[in-house]
Amino acid sequence: MQKEGELMHQLMTELYPICRSITGDGVRETLKIIQEIVPLTIHEVPTGTKVFDWEIPKEWNIKDAYILDEEGNKVVDFKKNNLHVVSYSIPVDKVISLKELQDHLYSLEEQPDAIPYITSYYKERWGFCIAHNERKQLKEGKYRVFIDSELKEGSLTYGELIIRGESEEEIFLSTYICHPSMANNELSGPVLTTYLAKWILSSPRKYTYRIIFIPETIGSITYLSRNLDKMKANIIAGYNISCVGDEREYSFLSSRKGKTLADKVALNILTFNKIDYKSYSFLKRGSDERQYCSPGIDLPVASIMRSKFGRYPEYHTSLDNLDLVTADGLQGSFNIYIECIELIEKNEIYKVNCFGEPQLGRRGLYPTLSTKETGRMVRDMMNFIAYADGETDLVEISNLINVPVKTLYPIIDKLYNAELISKVNKNEKKLI
Amino acid sequence: MQKEGELMHQLMTELYPICRSITGDGVRETLKIIQEIVPLTIHEVPTGTKVFDWEIPKEWNIKDAYILDEEGNKVVDFKKNNLHVVSYSIPVDKVISLKELQDHLYSLEEQPDAIPYITSYYKERWGFCIAHNERKQLKEGKYRVFIDSELKEGSLTYGELIIRGESEEEIFLSTYICHPSMANNELSGPVLTTYLAKWILSSPRKYTYRIIFIPETIGSITYLSRNLDKMKANIIAGYNISCVGDEREYSFLSSRKGKTLADKVALNILTFNKIDYKSYSFLKRGSDERQYCSPGIDLPVASIMRSKFGRYPEYHTSLDNLDLVTADGLQGSFNIYIECIELIEKNEIYKVNCFGEPQLGRRGLYPTLSTKETGRMVRDMMNFIAYADGETDLVEISNLINVPVKTLYPIIDKLYNAELISKVNKNEKKLI
Amino acid sequence: MQKEGELMHQLMTELYPICRSITGDGVRETLKIIQEIVPLTIHEVPTGTKVFDWEIPKEWNIKDAYILDEEGNKVVDFKKNNLHVVSYSIPVDKVISLKELQDHLYSLEEQPDAIPYITSYYKERWGFCIAHNERKQLKEGKYRVFIDSELKEGSLTYGELIIRGESEEEIFLSTYICHPSMANNELSGPVLTTYLAKWILSSPRKYTYRIIFIPETIGSITYLSRNLDKMKANIIAGYNISCVGDEREYSFLSSRKGKTLADKVALNILTFNKIDYKSYSFLKRGSDERQYCSPGIDLPVASIMRSKFGRYPEYHTSLDNLDLVTADGLQGSFNIYIECIELIEKNEIYKVNCFGEPQLGRRGLYPTLSTKETGRMVRDMMNFIAYADGETDLVEISNLINVPVKTLYPIIDKLYNAELISKVNKNEKKLI
């Protein structure tokens, strides 16, 4: 059987050439390909719909774009790289001077071989993005600029997958599908989320999962505006999945107050996996956690990433490509998220059923001979029992007794089967 | 226009020669001079009045004092320096031996050129203070000691200025006018407080200001005993203003529990001004905060000083003179206190008016083109909004997002004018 | 008069040869000797009695045990050292090969001259403990193994001493008397507890004292199962007294949450005595605090030790002998526990009786002459008053103002006699 990492990289390779934006056919095409793997429901929200303080913009589509020099050479060609066009550019077809053209060109002096990623969703303009080294070679003269795009009344498209569990309480996963041909930020999020959803569908589960593929910002605002009450009532933990594909160190971005179950679980898993990670406060946010954790919404949403948006040199340029993201990089993130989900599923408040220490010996859980040393498993079990006080949840016990949850799972099973511990139904859904 | 620093130093120079004590004409003369600048109300509280655990002492006045040697030379002369007489000395006029005189002399072996400042308010005695080097030159023989002072039924005098604002809530400023000719401790407090009062009178304000000029300890106890209920009900923050005139590093002395609005504001202003300051716990108190923060009174009062009482070599000696305190030193403290007052005036709990991030772009508050970098102002604004959650006040937001309040004031104005944020009326007057 | 240290070491020397276990005549003999010093009540709990999750085991007694080689030499002799027999060994009398014997021998390769201490309370087996160097010298051949022991229906024995005070609130002291011939762990605990009890009996006291001499684990579980309600209602602080006899550094083991009065008092006394001590979290527990601090029981019990169980090389071997424990070592622990008990007895929440600072001067508590320096005693008194706010107890004030409680006791007496402070009856018995 193929590893998820490879499957994810294959899916990314398939999705990579599509020109996505916050609306339009690129999003639809992307969601349709994902739909072949997991049963997304696709929603369309019409242009002009009010969503909180915002409004769904016009839908944008583009067929072709280029710049021709006087000799008829395509000095810039959208078909070679869709980053060449400023996203949401209005149509244009005219001949202009180099001087006039310069006002519509975007390049990065400090990264002269990279095409930058530029958008102008909410003001109508047109523009081209180009490597700075190529820009410098443009000669004086006339250029034909041509963008065959369309801005029209249409809709914003997003995908949603609700996977029912025993409980109405929900685990929330959100990723965004609005970026054109870039890999870590952002196709790594959608492909990881797709294969997490596939894994969840095939796994026993307690919680319901709300998994969404949306355009960034306007998409999360739209989704929240249509689902806020249910989300606030049911979501116990969630993650915004972005920038999860390269092989560099991990990043953790906390929720606004940093104390939710999502934060606690992520930090426990990252720490006990002895993974090097860089921890960012909410001040370093930049993706849909901006909405999920905003005042009055305050969902328990954090992020585990590899190289964080805005913090790696290839970010938002053509250098963020299929070489930067690897099957191994994706697999590492996948494994961490699976461990987080498992921990949320298994996290309970336990209480020991007797006063004083239980007599583990007559249950075969304690060595019959007392010597200078007792084993590690016994010590972990005794420590778990000592903190199973009906107030402290599994994540906190793991932190307090400094034992990974993976080591505690079989211990808990033994104690539970021996009827030595019970679960406490403390309705502490959100520790915001 | 003259700078406040110079005006303050001029006022200090005028007040410096007056012989003040905790009662008497020196206090009255001092308050009258201040009254020419700000409209103080002057109160007299009769000797014998019970004030909490204390009683107003007899009033003390002094006309002259000296020590004559056998040749008739004035070896000590009150008219040259009023520190020469122990404050509250009873009258004396007799000829005694050097041996007997020595029991009434006070000097500092480790600061042999300084005249020490000594008081004996609550036990009747007489004494002279003298530089140790001069004391050593006294020859065997007879000396005439003469103190023309009077201890009588009279009153304790203090000045009060209530400046009404829109709100009954009060900002409290207290300083003391009981020290004879010393500059940093203490004429710097009264002159700074005078010019703060003048500035407040000329400024728009929300809060009412309670500003008092009192003798230390007995004065604050007296004032509290007559105004405690109103003060506890209304004061939201206050400062005891003392030792604010030299040019050395700043000092911060916290309130008893260190968590009041006065503490928070002072620390925010000192920190974001990138001022070097030394922070002292309440264990290092020594002035009227001893009363204002005592159990059961617990007013939100802290202190910002330059060189703190008891912590600089000239303290409580004749070396604490008009050279030690400068116009620049006073101006620095003035500016900090103004910033603190401005912050208290502007401190509010804000709440963003919509769910999710507001769309700043259509209000001209966000760049229309999204590139790799967004500007600092936009980031500060977005961060302010993210913490404007209806629970966190401006001081706390400034600390959390690490942006000076001065930078936030115009941002708040923009957001408020755009109706994106509201003020929350949380009655959290005192965070003691 | 003899110092307690010497008396304790004498008592230990007397108790040392007795073969104790969790039940049996060794315990009874030990308690009877202690009874000659303090009036213990001795309790017997029959075999088979259910105690929480446990059951009182059979009673074990032993008369003799040895291993004979083919020449009739006693290669192991219980009469020389009672550690030679695995505690709770069943009777045996047979001739076996060296190979078979090896399965019943216990030694420590890394401490080849030490006899290890081994028990098998809850599984019936027999065995001998031997120095590894002697084990290596055993030759091939036949050995007669002989253990003249008895496992029978009987009872578990423990000693209890309730010393009534004015209050029903209790201070709890627990120690264990189940270890055979070892000194620090454990005869130091019982002998120290005996002389603490003797001192308490002769001292004025406010609180009632509950002092127990029990076998470890099964004894504390038994005692708790019979007294839990009273203990939970009345105990305000307690200590498990173990490993208090050598001269090495002190150890502190906290209660489960580390915030009880017992913890606070122990840390205050250790810290202000400027004693080097090692602080252990509850994860390093190992004695009866395991029961006293278990979930649902949660008594305020901590431990002050010298070399902690499990942390010194002689632990649970024949090297833990009468040389390791000294009169000075015991005396040091005795003194610390006395100070802790005194502090618990004197710990109160105080409140100053007036607003503002009291006028100490007219009560002779303050110097009448104010100079640059005030004395240390005055400063301590003023600081005590500043924190006597009706919310903070003596331990906390001592910590806050950084003054040892021994320095504060006479200050409190003066203030109390001057009616300047009152005690607050805040029912904050257990700060668990």
# chains A, B, ... in the order shown; residues from 1 in each chain; ligands from 1

$ interface_residues --of "chain A" --to "chain B" --cutoff "6 Å" --atoms "only C-alpha atoms" --output "JSON, numbers by chain"
{"A": [53, 54, 118, 119, 120, 123, 291, 294, 295]}

$ write_last_selection --atoms "C-alpha atoms" --output "short mmCIF file (atom, residue, chain, number, x, y, z; two decimals), in the first residue's frame"
data_model
loop_
_atom_site.label_atom_id
_atom_site.label_comp_id
_atom_site.auth_asym_id
_atom_site.auth_seq_id
_atom_site.Cartn_x
_atom_site.Cartn_y
_atom_site.Cartn_z
CA ASP A 53 -18.87 42.96 7.62
CA TRP A 54 -18.07 41.75 4.11
CA ILE A 118 0.04 39.48 -5.93
CA THR A 119 -3.71 39.89 -5.54
CA SER A 120 -6.15 42.77 -5.76
CA LYS A 123 -10.06 47.05 -6.02
CA GLN A 291 -11.41 34.86 11.80
CA SER A 294 -11.60 36.83 16.53
CA PRO A 295 -13.47 38.43 19.46
#

$ select_by_dssp --residues "range 85-151 of chain A" --states "helix (DSSP H, G or I)" --output "number ranges by chain"
A: 98-102, 132-136

$ residues_around --residues "Thr317 in chain C" --least-positions-apart "4" --cutoff "7 Å" --atoms "only C-alpha atoms" --output "list in words"
Ala114, Ile115, Pro116 and Tyr117 of chain C

$ atom_distance --atom1 "CA of Thr41 in chain B" --atom2 "CA of Leu161 in chain B"
6.1 Å

$ residues_around --residues "Pro300 in chain A" --least-positions-apart "3" --cutoff "10 Å" --atoms "only C-alpha atoms" --output "list in words"
Ile171, Phe172, Lys232, Ile235, Ile236, Ala237, Gly238, Tyr239, Ser254, Ser255, Arg256, Lys257, Gly258, Lys259, Thr260, Leu261, Ala262, Asp263, Glu289, Tyr292, Cys293, Ile297, Lys429, Lys430, Leu431 and Ile432 of chain A

$ write_last_selection --atoms "N, CA and C atoms" --output "compact mmCIF listing (two decimals), in the first residue's frame"
# COMPACT_ATOMS: atom_id res chain seq x y z
N ILE A 171 -14.91 18.11 15.95
CA ILE A 171 -13.54 18.52 15.68
C ILE A 171 -13.56 19.20 14.31
N PHE A 172 -12.90 20.34 14.23
CA PHE A 172 -13.02 21.22 13.06
C PHE A 172 -11.68 21.30 12.34
N LYS A 232 -20.10 27.35 17.35
CA LYS A 232 -19.80 27.75 18.72
C LYS A 232 -20.36 26.74 19.71
N ILE A 235 -18.03 22.83 18.46
CA ILE A 235 -16.61 22.58 18.20
C ILE A 235 -15.81 22.57 19.50
N ILE A 236 -15.12 21.46 19.77
CA ILE A 236 -14.29 21.40 20.98
C ILE A 236 -12.82 21.68 20.66
N ALA A 237 -12.43 21.47 19.42
CA ALA A 237 -11.05 21.77 19.03
C ALA A 237 -10.99 21.78 17.51
N GLY A 238 -10.10 22.60 16.98
CA GLY A 238 -9.97 22.65 15.53
C GLY A 238 -8.59 23.13 15.13
N TYR A 239 -8.28 22.89 13.88
CA TYR A 239 -6.99 23.33 13.34
C TYR A 239 -7.19 23.98 11.98
N SER A 254 -0.54 29.54 18.15
CA SER A 254 -1.58 29.34 19.16
C SER A 254 -2.86 30.06 18.78
N SER A 255 -3.93 29.69 19.45
CA SER A 255 -5.18 30.44 19.36
C SER A 255 -4.97 31.78 20.06
N ARG A 256 -5.99 32.62 20.06
CA ARG A 256 -5.79 33.98 20.58
C ARG A 256 -5.34 33.97 22.02
N LYS A 257 -6.00 33.19 22.87
CA LYS A 257 -5.57 33.18 24.27
C LYS A 257 -4.65 32.00 24.58
N GLY A 258 -4.52 31.09 23.61
CA GLY A 258 -3.51 30.05 23.75
C GLY A 258 -3.81 28.95 24.73
N LYS A 259 -5.06 28.83 25.19
CA LYS A 259 -5.36 27.88 26.25
C LYS A 259 -6.43 26.87 25.86
N THR A 260 -6.78 26.78 24.59
CA THR A 260 -7.86 25.89 24.21
C THR A 260 -7.36 24.45 24.15
N LEU A 261 -8.30 23.53 24.04
CA LEU A 261 -7.95 22.12 23.89
C LEU A 261 -7.07 21.92 22.66
N ALA A 262 -7.36 22.64 21.59
CA ALA A 262 -6.53 22.52 20.38
C ALA A 262 -5.08 22.89 20.66
N ASP A 263 -4.87 23.95 21.44
CA ASP A 263 -3.51 24.35 21.82
C ASP A 263 -2.86 23.28 22.68
N GLU A 289 -7.22 31.53 11.06
CA GLU A 289 -7.33 31.70 12.52
C GLU A 289 -7.65 33.16 12.85
N TYR A 292 -11.34 32.70 12.94
CA TYR A 292 -11.85 31.71 13.91
C TYR A 292 -11.62 32.14 15.35
N CYS A 293 -10.57 32.89 15.59
CA CYS A 293 -10.24 33.31 16.95
C CYS A 293 -10.57 34.77 17.20
N ILE A 297 -16.12 35.33 18.30
CA ILE A 297 -16.16 34.03 17.63
C ILE A 297 -15.37 33.05 18.48
N LYS A 429 -16.32 21.61 27.47
CA LYS A 429 -16.04 21.50 26.06
C LYS A 429 -14.95 22.43 25.57
N LYS A 430 -15.10 23.68 25.90
CA LYS A 430 -14.15 24.63 25.33
C LYS A 430 -13.40 25.34 26.45
N LEU A 431 -12.13 25.16 26.49
CA LEU A 431 -11.30 25.81 27.51
C LEU A 431 -10.71 27.10 26.96
N ILE A 432 -11.56 27.89 26.34
CA ILE A 432 -11.03 29.11 25.69
C ILE A 432 -10.46 30.07 26.75

$ select_by_dssp --residues "range 136-200 of chain A" --states "strand (DSSP E)" --output "ChimeraX atom specification"
/A:142-152,155-163,170-176
